[in-house]
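*Asks:* Provided below: model16.pdb, containing PDB, C-alpha atoms, pLDDT in the B column.
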ATOM      1  CA  MET A 161     -12.193  23.432 -22.630  1.00 45.00           C
ATOM      2  CA  LYS A 162      -9.012  21.329 -22.983  1.00 42.00           C
ATOM      3  CA  ILE A 163      -6.907  24.497 -23.037  1.00 45.00           C
ATOM      4  CA  PHE A 164      -8.542  25.668 -19.808  1.00 38.00           C
ATOM      5  CA  PHE A 165      -7.697  22.402 -17.991  1.00 37.00           C
ATOM      6  CA  LEU A 166      -4.148  22.503 -19.373  1.00 37.00           C
ATOM      7  CA  PHE A 167      -3.785  26.084 -18.118  1.00 41.00           C
ATOM      8  CA  ILE A 168      -5.110  25.155 -14.660  1.00 40.00           C
ATOM      9  CA  SER A 169      -2.775  22.149 -14.535  1.00 38.00           C
ATOM     10  CA  ILE A 170       0.240  24.276 -15.469  1.00 43.00           C
ATOM     11  CA  LEU A 171      -0.821  27.042 -13.051  1.00 43.00           C
ATOM     12  CA  PHE A 172      -0.898  24.583 -10.129  1.00 45.00           C
ATOM     13  CA  GLY A 173       2.221  22.685 -11.124  1.00 46.00           C
ATOM     14  CA  GLY A 174       0.336  19.695 -12.516  1.00 46.00           C
ATOM     15  CA  SER A 175      -0.966  18.763  -9.071  1.00 46.00           C
ATOM     16  CA  VAL A 176      -4.619  19.508  -9.788  1.00 46.00           C
ATOM     17  CA  PHE A 177      -5.260  16.057 -11.232  1.00 52.00           C
ATOM     18  CA  CYS A 178      -2.882  13.838  -9.264  1.00 80.00           C
ATOM     19  CA  GLN A 179      -1.011  13.580  -6.008  1.00 87.00           C
ATOM     20  CA  THR A 180       2.693  13.093  -5.465  1.00 92.00           C
ATOM     21  CA  ALA A 181       4.756  11.180  -2.933  1.00 90.00           C
ATOM     22  CA  ASN A 182       5.460  14.377  -0.983  1.00 90.00           C
ATOM     23  CA  ASP A 183       1.805  15.390  -0.682  1.00 90.00           C
ATOM     24  CA  THR A 184       0.133  15.111   2.708  1.00 85.00           C
ATOM     25  CA  VAL A 185      -2.204  12.159   3.125  1.00 83.00           C
ATOM     26  CA  ASP A 186      -5.655  13.724   2.971  1.00 76.00           C
ATOM     27  CA  VAL A 187      -8.807  11.813   3.894  1.00 70.00           C
ATOM     28  CA  PHE A 188     -10.832  13.767   1.326  1.00 73.00           C
ATOM     29  CA  SER A 189      -8.600  12.871  -1.612  1.00 82.00           C
ATOM     30  CA  PHE A 190      -6.874   9.678  -0.499  1.00 84.00           C
ATOM     31  CA  SER A 191      -4.877   7.943  -3.251  1.00 90.00           C
ATOM     32  CA  PRO A 192      -4.557   4.195  -2.606  1.00 90.00           C
ATOM     33  CA  ASP A 193      -2.691   3.684  -5.892  1.00 91.00           C
ATOM     34  CA  LEU A 194      -0.030   6.197  -4.873  1.00 93.00           C
ATOM     35  CA  LEU A 195       0.476   4.599  -1.459  1.00 92.00           C
ATOM     36  CA  ASP A 196       0.481   1.143  -3.065  1.00 91.00           C
ATOM     37  CA  SER A 197       3.301   2.101  -5.449  1.00 93.00           C
ATOM     38  CA  LEU A 198       5.327   3.809  -2.715  1.00 95.00           C
ATOM     39  CA  ILE A 199       5.102   0.771  -0.425  1.00 93.00           C
ATOM     40  CA  PHE A 200       6.276  -1.431  -3.290  1.00 94.00           C
ATOM     41  CA  GLU A 201       9.118   1.034  -3.994  1.00 96.00           C
ATOM     42  CA  GLU A 202      10.131   1.095  -0.309  1.00 96.00           C
ATOM     43  CA  VAL A 203      10.142  -2.707  -0.060  1.00 95.00           C
ATOM     44  CA  ASN A 204      12.424  -2.839  -3.104  1.00 96.00           C
ATOM     45  CA  ARG A 205      14.700  -0.153  -1.628  1.00 97.00           C
ATOM     46  CA  VAL A 206      15.084  -2.227   1.551  1.00 97.00           C
ATOM     47  CA  ARG A 207      15.704  -5.382  -0.483  1.00 96.00           C
ATOM     48  CA  SER A 208      18.415  -3.593  -2.508  1.00 97.00           C
ATOM     49  CA  GLU A 209      20.087  -2.368   0.690  1.00 97.00           C
ATOM     50  CA  ASN A 210      20.263  -6.018   1.766  1.00 96.00           C
ATOM     51  CA  ASP A 211      21.757  -7.182  -1.563  1.00 96.00           C
ATOM     52  CA  LEU A 212      18.534  -8.892  -2.635  1.00 95.00           C
ATOM     53  CA  THR A 213      16.935  -8.709  -6.046  1.00 94.00           C
ATOM     54  CA  GLN A 214      14.074  -6.282  -6.413  1.00 95.00           C
ATOM     55  CA  LEU A 215      10.597  -7.717  -6.699  1.00 94.00           C
ATOM     56  CA  PHE A 216       8.734  -7.653  -9.991  1.00 95.00           C
ATOM     57  CA  TYR A 217       5.288  -6.091  -9.864  1.00 93.00           C
ATOM     58  CA  SER A 218       2.554  -8.677 -10.481  1.00 91.00           C
ATOM     59  CA  ASP A 219      -0.872  -7.576 -11.748  1.00 92.00           C
ATOM     60  CA  SER A 220      -2.445 -10.822 -10.510  1.00 89.00           C
ATOM     61  CA  LEU A 221      -0.938 -10.456  -7.014  1.00 88.00           C
ATOM     62  CA  ASN A 222      -1.981  -6.820  -6.958  1.00 90.00           C
ATOM     63  CA  GLN A 223      -5.567  -7.774  -7.818  1.00 90.00           C
ATOM     64  CA  GLN A 224      -5.530 -10.518  -5.199  1.00 87.00           C
ATOM     65  CA  ALA A 225      -4.180  -8.081  -2.592  1.00 86.00           C
ATOM     66  CA  ASN A 226      -6.867  -5.517  -3.454  1.00 88.00           C
ATOM     67  CA  ASP A 227      -9.616  -8.141  -3.187  1.00 88.00           C
ATOM     68  CA  HIS A 228      -8.188  -9.263   0.160  1.00 83.00           C
ATOM     69  CA  VAL A 229      -7.950  -5.771   1.616  1.00 81.00           C
ATOM     70  CA  LEU A 230     -11.595  -5.119   0.709  1.00 85.00           C
ATOM     71  CA  GLN A 231     -12.544  -8.280   2.629  1.00 82.00           C
ATOM     72  CA  MET A 232     -10.597  -6.977   5.620  1.00 78.00           C
ATOM     73  CA  VAL A 233     -12.704  -3.813   5.576  1.00 77.00           C
ATOM     74  CA  LYS A 234     -15.957  -5.685   4.974  1.00 82.00           C
ATOM     75  CA  LEU A 235     -15.310  -8.009   7.926  1.00 78.00           C
ATOM     76  CA  ARG A 236     -13.775  -5.196  10.043  1.00 69.00           C
ATOM     77  CA  LYS A 237     -10.696  -7.339  10.691  1.00 65.00           C
ATOM     78  CA  THR A 238      -7.096  -6.233  10.653  1.00 62.00           C
ATOM     79  CA  PHE A 239      -5.984  -9.817  10.065  1.00 58.00           C
ATOM     80  CA  TYR A 240      -7.946 -11.900   7.627  1.00 51.00           C
ATOM     81  CA  SER A 241      -7.025 -15.186   5.991  1.00 53.00           C
ATOM     82  CA  ASP A 242      -8.793 -16.816   3.077  1.00 52.00           C
ATOM     83  CA  SER A 243      -8.343 -20.528   3.668  1.00 48.00           C
ATOM     84  CA  THR A 244      -9.900 -21.333   0.277  1.00 48.00           C
ATOM     85  CA  SER A 245      -7.099 -19.614  -1.620  1.00 49.00           C
ATOM     86  CA  LYS A 246      -5.102 -22.116  -3.690  1.00 40.00           C
ATOM     87  CA  VAL A 247      -2.173 -19.830  -4.490  1.00 40.00           C
ATOM     88  CA  GLU A 248       1.295 -19.963  -3.020  1.00 39.00           C
ATOM     89  CA  GLU A 249       1.713 -16.724  -1.183  1.00 46.00           C
ATOM     90  CA  CYS A 250       3.062 -15.043   1.858  1.00 47.00           C
ATOM     91  CA  ASN A 251       1.451 -11.875   3.049  1.00 51.00           C
ATOM     92  CA  LEU A 252       1.728  -8.980   5.415  1.00 54.00           C
ATOM     93  CA  LYS A 253      -1.183  -7.006   6.744  1.00 52.00           C
ATOM     94  CA  ILE A 254      -1.214  -3.739   8.600  1.00 56.00           C
ATOM     95  CA  PHE A 255      -3.860  -1.459  10.026  1.00 55.00           C
ATOM     96  CA  PHE A 256      -3.173   2.241  10.368  1.00 57.00           C
ATOM     97  CA  ARG A 257      -5.132   4.909  12.159  1.00 58.00           C
ATOM     98  CA  ASN A 258      -4.092   8.294  10.894  1.00 54.00           C
ATOM     99  CA  SER A 259      -3.305  10.234  14.058  1.00 55.00           C
ATOM    100  CA  ASN A 260      -0.846  12.571  12.308  1.00 57.00           C
ATOM    101  CA  PRO A 261      -2.638  14.618   9.655  1.00 63.00           C
ATOM    102  CA  THR A 262       0.626  16.049   8.291  1.00 80.00           C
ATOM    103  CA  VAL A 263       2.245  12.776   7.206  1.00 85.00           C
ATOM    104  CA  THR A 264       3.175  12.519   3.523  1.00 89.00           C
ATOM    105  CA  TYR A 265       2.519   9.482   1.363  1.00 91.00           C
ATOM    106  CA  ARG A 266       6.269   8.737   1.208  1.00 95.00           C
ATOM    107  CA  GLU A 267       6.604   9.004   4.999  1.00 92.00           C
ATOM    108  CA  LEU A 268       3.595   6.757   5.532  1.00 89.00           C
ATOM    109  CA  ALA A 269       4.982   4.110   3.164  1.00 92.00           C
ATOM    110  CA  GLY A 270       8.341   4.257   4.970  1.00 94.00           C
ATOM    111  CA  ARG A 271       6.679   3.911   8.369  1.00 88.00           C
ATOM    112  CA  MET A 272       4.640   0.914   7.237  1.00 87.00           C
ATOM    113  CA  VAL A 273       7.655  -0.951   5.863  1.00 91.00           C
ATOM    114  CA  LYS A 274       9.714  -0.032   8.945  1.00 91.00           C
ATOM    115  CA  GLN A 275       6.950  -1.374  11.191  1.00 86.00           C
ATOM    116  CA  TRP A 276       6.908  -4.612   9.204  1.00 86.00           C
ATOM    117  CA  LEU A 277      10.704  -4.891   9.484  1.00 90.00           C
ATOM    118  CA  ASN A 278      10.399  -4.653  13.275  1.00 87.00           C
ATOM    119  CA  SER A 279       8.375  -7.862  13.201  1.00 84.00           C
ATOM    120  CA  PRO A 280      10.666 -10.910  12.764  1.00 85.00           C
ATOM    121  CA  ALA A 281       8.042 -12.844  10.788  1.00 80.00           C
ATOM    122  CA  ALA A 282       7.280  -9.934   8.461  1.00 81.00           C
ATOM    123  CA  ALA A 283      10.966  -9.099   8.033  1.00 86.00           C
ATOM    124  CA  ARG A 284      11.639 -12.683   6.904  1.00 85.00           C
ATOM    125  CA  LEU A 285       9.021 -12.198   4.186  1.00 84.00           C
ATOM    126  CA  ILE A 286      10.266  -8.812   2.982  1.00 89.00           C
ATOM    127  CA  LEU A 287      13.861 -10.046   3.020  1.00 91.00           C
ATOM    128  CA  GLY A 288      13.025 -13.488   1.638  1.00 88.00           C
ATOM    129  CA  GLU A 289      15.572 -14.129  -1.093  1.00 88.00           C
ATOM    130  CA  PHE A 290      13.351 -16.645  -2.856  1.00 87.00           C
ATOM    131  CA  PHE A 291      10.497 -14.167  -3.494  1.00 88.00           C
ATOM    132  CA  LEU A 292      10.487 -12.670  -6.986  1.00 91.00           C
ATOM    133  CA  TYR A 293       7.033 -11.069  -7.324  1.00 91.00           C
ATOM    134  CA  GLY A 294       4.908  -8.785  -5.225  1.00 90.00           C
ATOM    135  CA  GLY A 295       1.574  -7.037  -5.121  1.00 89.00           C
ATOM    136  CA  CYS A 296      -0.053  -4.597  -2.749  1.00 90.00           C
ATOM    137  CA  GLY A 297      -3.638  -3.717  -1.891  1.00 88.00           C
ATOM    138  CA  VAL A 298      -4.550  -0.485  -0.137  1.00 88.00           C
ATOM    139  CA  THR A 299      -7.907   0.946   0.823  1.00 84.00           C
ATOM    140  CA  TYR A 300      -9.202   3.730   3.015  1.00 81.00           C
ATOM    141  CA  GLU A 301     -12.174   3.532   5.347  1.00 78.00           C
ATOM    142  CA  GLU A 302     -13.807   6.119   7.587  1.00 74.00           C
ATOM    143  CA  TRP A 303     -15.362   4.370  10.583  1.00 71.00           C
ATOM    144  CA  LYS A 304     -16.642   5.927  13.799  1.00 70.00           C
ATOM    145  CA  ASN A 305     -14.886   9.209  12.917  1.00 67.00           C
ATOM    146  CA  ILE A 306     -11.532   7.447  12.614  1.00 69.00           C
ATOM    147  CA  SER A 307      -9.543   7.363   9.390  1.00 72.00           C
ATOM    148  CA  GLU A 308      -8.327   3.829   8.740  1.00 76.00           C
ATOM    149  CA  ILE A 309      -5.955   2.645   6.030  1.00 80.00           C
ATOM    150  CA  TYR A 310      -5.795  -1.082   5.367  1.00 81.00           C
ATOM    151  CA  ILE A 311      -2.747  -2.478   3.587  1.00 84.00           C
ATOM    152  CA  TYR A 312      -2.167  -6.038   2.421  1.00 82.00           C
ATOM    153  CA  THR A 313       0.988  -7.113   0.635  1.00 84.00           C
ATOM    154  CA  CYS A 314       1.666 -10.427  -1.126  1.00 83.00           C
ATOM    155  CA  PHE A 315       5.005 -11.987  -2.034  1.00 84.00           C
ATOM    156  CA  ARG A 316       5.395 -15.057  -4.236  1.00 84.00           C
ATOM    157  CA  ILE A 317       7.995 -16.954  -6.193  1.00 84.00           C
ATOM    158  CA  SER A 318       5.830 -16.866  -9.351  1.00 78.00           C
ATOM    159  CA  PRO A 319       3.531 -14.200 -10.844  1.00 72.00           C
TER     160      PRO A 319
END
Will you turn the file into structure tokens for me?
*Replies:*
Amino acid sequence: MKIFFLFISILFGGSVFCQTANDTVDVFSFSPDLLDSLIFEEVNRVRSENDLTQLFYSDSLNQQANDHVLQMVKLRKTFYSDSTSKVEECNLKIFFRNSNPTVTYRELAGRMVKQWLNSPAAARLILGEFFLYGGCGVTYEEWKNISEIYIYTCFRISP
């Protein structure tokens, strides 16, 4: 059985079991982890272009971002703030309705970061020289026949 799966994986270029950055975003096999990592990569690319240090990935911020993005979906809110949170953080939130079914994961990540950079408040966070750590939460929701992707990103000075 293992040989069969290996053969299938080789036959299809290894793409049977995972998606890549250049794959089209597909509502039937959406990969939040892939989009999460590409957004983080894009933020760091922008920071490098602006002579800023790259952010370190934080498991705790990533978990917090994922918990937060699930609350956004649960409450059906594009902007949600947890006033009980005792952590030092800055965050960005975005809501995306997939109107272009041929967009790749890399293109979507680039568009999201570009949209954030067009907002002065969000740009100050992404380009904040004092931030050292980041985390990202991504989830997909189908609601009223509309594909929705919720993204929440955290930046902090400590993990």
*Asks:* Return the single residue from A:Val229, A:Leu235, A:Leu287, A:Leu194 that is closest to Thr180 in chain A, with distances computed using all atoms listed in the file.
*Replies:* A:Leu194
*Asks:* Please write the residues picked by the PyMOL selection byres ((chain A and resi 220) around 12) on this file as a list in words.
*Replies:*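 Evaluating the PyMOL selection byres ((chain A and resi 220) around 12) on this file yields Phe216, Tyr217, Ser218, Asp219, Leu221, Asn222, Gln223, Gln224, Ala225, Asn226, Asp227, Val247, Glu249, Tyr293, Gly294, Gly295, Cys296, Gly297, Cys314, Phe315, Arg316, Ser318 and Pro319 of chain A.
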*Asks:* Please compute the CA of Ile311 in chain A-CA of Val298 in chain A distance, one decimal, in Å.
*Replies:*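 These atoms are spaced 4.6 Å apart.
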*Asks:* Which neighbours of Tyr265 in chain A fall inside 9 Å, counting only C-alpha atoms, when residues of the same chain fewer than 6 positions from it are skipped, and could you give them as a VMD selection string?
*Replies:* chain A and resid 180 to 185 191 194 to 195 198
*Asks:* In terms of the shortest atom-to-atom distance over all atoms listed in the file, which of A:Gln231, A:Gly270, A:Thr299, A:Thr262 is closest to Glu202 in chain A?
*Replies:*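 Nearest candidate to Glu202 in chain A out of A:Gln231, A:Gly270, A:Thr299, A:Thr262: A:Gly270.
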*Asks:* CA of Ala283 in chain A and CA of Phe190 in chain A are how many Å apart?
*Replies:*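 Atom-to-atom, CA of Ala283 in chain A and CA of Phe190 in chain A are spaced 27.3 Å apart.
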*Asks:* Using Å and a single decimal, report how far CA of Asp193 in chain A sits from CA of Val273 in chain A.
*Replies:*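 Computing the Euclidean distance for CA of Val273 in chain A and CA of Asp193 in chain A yields 16.3 Å.
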*Asks:* Using only C-alpha atoms, pick whichever of A:Cys178, A:Glu301, A:Lys274, A:Phe290 has the shortest atom-to-atom distance to Val203 in chain A.
*Replies:*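 Of the candidates, the smallest distance to Val203 in chain A is held by A:Lys274.
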